[in-house]
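Here is the structure we will look at, set down as structure tokens.
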Amino acid sequence: SLKRDEVDWTQTRVAFVSTSFTENQKTATNFKDIAIELWEVKRYENNLISINEVRKSKSAESIKPITQNNEKLKSVTEQLKVYTEEDHLKRKSDDITELYETYKTAILNLSDNIEVEYRKDYIAFKKNSNI
């Protein structure tokens with residue numbers, strides 16, 4: 001039994017699950033700092049199911065310029081925090097940043113399908129689970 005104040009609400013996400021999404025839906029959620037995920041689920045013969053996340057593009061823009069003129073949207077986007085590499089590296093020394101870049105490059109060179117996820121307290125390098 002959790003109480004409301006015992007949950008870190010800054011990393012809340014909204015997940016939409018469907019058999020497919022339109023290009024408009026994909027484009028409308030393609031902002032790097034908005035916590036919306038799209039998941040496509042397909043069923044095949046023999047009850048085989050595939051679940052795939054629709055990834056945001058690496059060049060996804062920030063939603064902040066769009067929401068600055070609307071107070072309601074601005075308050076929602078300020079409450080939901082999507083962490084970035086920049087959040088973790090700001091105010092770090094050049095030595096720490098260089099060390100991080102060295103390790104990041106080495107880890108990503110281990111395999112093609114390693115993903116980087118930025119969390120509140122750490123940066124995760126994942127291939128099925130955290131490395």
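Ordering of the structure tokens sets the chain letters (A, B, ...); residue numbers start at 1 within each chain; ligands are numbered from 1 in the order shown.
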
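Using only C-alpha atoms, the residues found no farther than 10 Å from A:Lys81, other than those of its own chain fewer than 4 positions away, are Trp9, Thr10, Gln11, Thr12, Arg13, Asp33, Ile34, Ala35, Val76, Thr77, Arg119 and Lys120 of chain A.
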
Run DSSP on the backbone of this structure and report the residues of stretch 11-94 of chain A it assigns to strand (DSSP E), as a ChimeraX atom specification.
/A:14-18,36-43,49-54

Selection file, N, CA and C atoms, as a tab-separated table (two decimals), in the first residue's frame:
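Saved result, selection-v9.tsv, follows:
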```
chain	number	residue	atom	x	y	z
A	14	VAL	N	2.56	8.15	-20.01
A	14	VAL	CA	1.28	7.74	-20.59
A	14	VAL	C	1.63	6.79	-21.73
A	15	ALA	N	1.05	5.60	-21.69
A	15	ALA	CA	1.34	4.59	-22.72
A	15	ALA	C	0.06	4.29	-23.50
A	16	PHE	N	0.15	4.42	-24.81
A	16	PHE	CA	-0.96	4.05	-25.70
A	16	PHE	C	-0.58	2.73	-26.37
A	17	VAL	N	-1.49	1.78	-26.33
A	17	VAL	CA	-1.27	0.46	-26.91
A	17	VAL	C	-2.31	0.24	-27.99
A	18	SER	N	-1.85	-0.17	-29.18
A	18	SER	CA	-2.76	-0.37	-30.30
A	18	SER	C	-2.13	-1.35	-31.29
A	36	ILE	N	5.07	10.40	-23.34
A	36	ILE	CA	4.04	9.59	-24.01
A	36	ILE	C	4.75	8.51	-24.80
A	37	GLU	N	4.30	7.27	-24.60
A	37	GLU	CA	4.86	6.14	-25.33
A	37	GLU	C	3.78	5.49	-26.18
A	38	LEU	N	4.16	5.06	-27.38
A	38	LEU	CA	3.27	4.31	-28.26
A	38	LEU	C	3.81	2.89	-28.39
A	39	TRP	N	2.91	1.91	-28.19
A	39	TRP	CA	3.29	0.50	-28.28
A	39	TRP	C	2.35	-0.20	-29.25
A	40	GLU	N	2.93	-0.84	-30.26
A	40	GLU	CA	2.13	-1.61	-31.23
A	40	GLU	C	2.18	-3.09	-30.85
A	41	VAL	N	1.00	-3.69	-30.77
A	41	VAL	CA	0.87	-5.10	-30.43
A	41	VAL	C	0.22	-5.81	-31.60
A	42	LYS	N	0.84	-6.88	-32.04
A	42	LYS	CA	0.29	-7.66	-33.15
A	42	LYS	C	0.21	-9.13	-32.74
A	43	ARG	N	-0.88	-9.78	-33.17
A	43	ARG	CA	-1.02	-11.21	-32.89
A	43	ARG	C	-0.88	-11.97	-34.20
A	49	ILE	N	2.66	-13.31	-30.19
A	49	ILE	CA	2.40	-11.87	-30.06
A	49	ILE	C	3.71	-11.11	-30.13
A	50	SER	N	3.71	-10.00	-30.85
A	50	SER	CA	4.87	-9.12	-30.85
A	50	SER	C	4.45	-7.77	-30.26
A	51	ILE	N	5.33	-7.23	-29.44
A	51	ILE	CA	5.09	-5.93	-28.81
A	51	ILE	C	6.29	-5.06	-29.14
A	52	ASN	N	6.03	-3.95	-29.84
A	52	ASN	CA	7.11	-3.06	-30.27
A	52	ASN	C	6.79	-1.63	-29.90
A	53	GLU	N	7.78	-0.97	-29.33
A	53	GLU	CA	7.62	0.45	-29.02
A	53	GLU	C	7.87	1.27	-30.28
A	54	VAL	N	7.02	2.25	-30.52
A	54	VAL	CA	7.24	3.20	-31.61
A	54	VAL	C	8.19	4.25	-31.06
```

Between atom CA of A:Lys26 and atom CA of A:Val116, what is the distance in Å, rounded to a tenth?
20.8 Å

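Shortest atom-to-atom contact with A:Tyr44 among A:Ile114, A:Thr19, A:Arg4, A:Asn130: A:Thr19, counting only C-alpha atoms.
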
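Closest approach to A:Ser57 among A:Lys3, A:Lys126, A:Lys32, A:Lys90: A:Lys32, based on only C-alpha atoms.
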
Coordinates-based distance that separates atom CA of A:Ile131 from atom CA of A:Ser111 (Å, one decimal):
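If I compute the distance from atom CA of A:Ser111 to atom CA of A:Ile131, I get 11.5 Å.
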
Between atom CA of A:Glu61 and atom CA of A:Asn30, what is the spacing in Å?
7.5 Å

Select, from A:Phe31, A:Tyr83, A:Phe21, A:Phe125, the residue with the minimum atom-to-atom distance to A:Thr105, counting only C-alpha atoms.
A:Phe125

A:Asn113, A:Asn24, A:Tyr122, A:Lys74 ranked by distance to A:His88, top pick (using only C-alpha atoms)
A:Tyr122

Could you pull out the alpha helix (DSSP H) residues of stretch 26-82 of chain A from DSSP and send them as a PyMOL selection string?
chain A and resi 26-28+64-67+71-79

From the list A:Leu73, A:Val82, A:Ala60, A:Val7, which residue is nearest A:Glu117 when using only C-alpha atoms?
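Once distances to A:Glu117 are computed over only C-alpha atoms, the minimum belongs to A:Val82.
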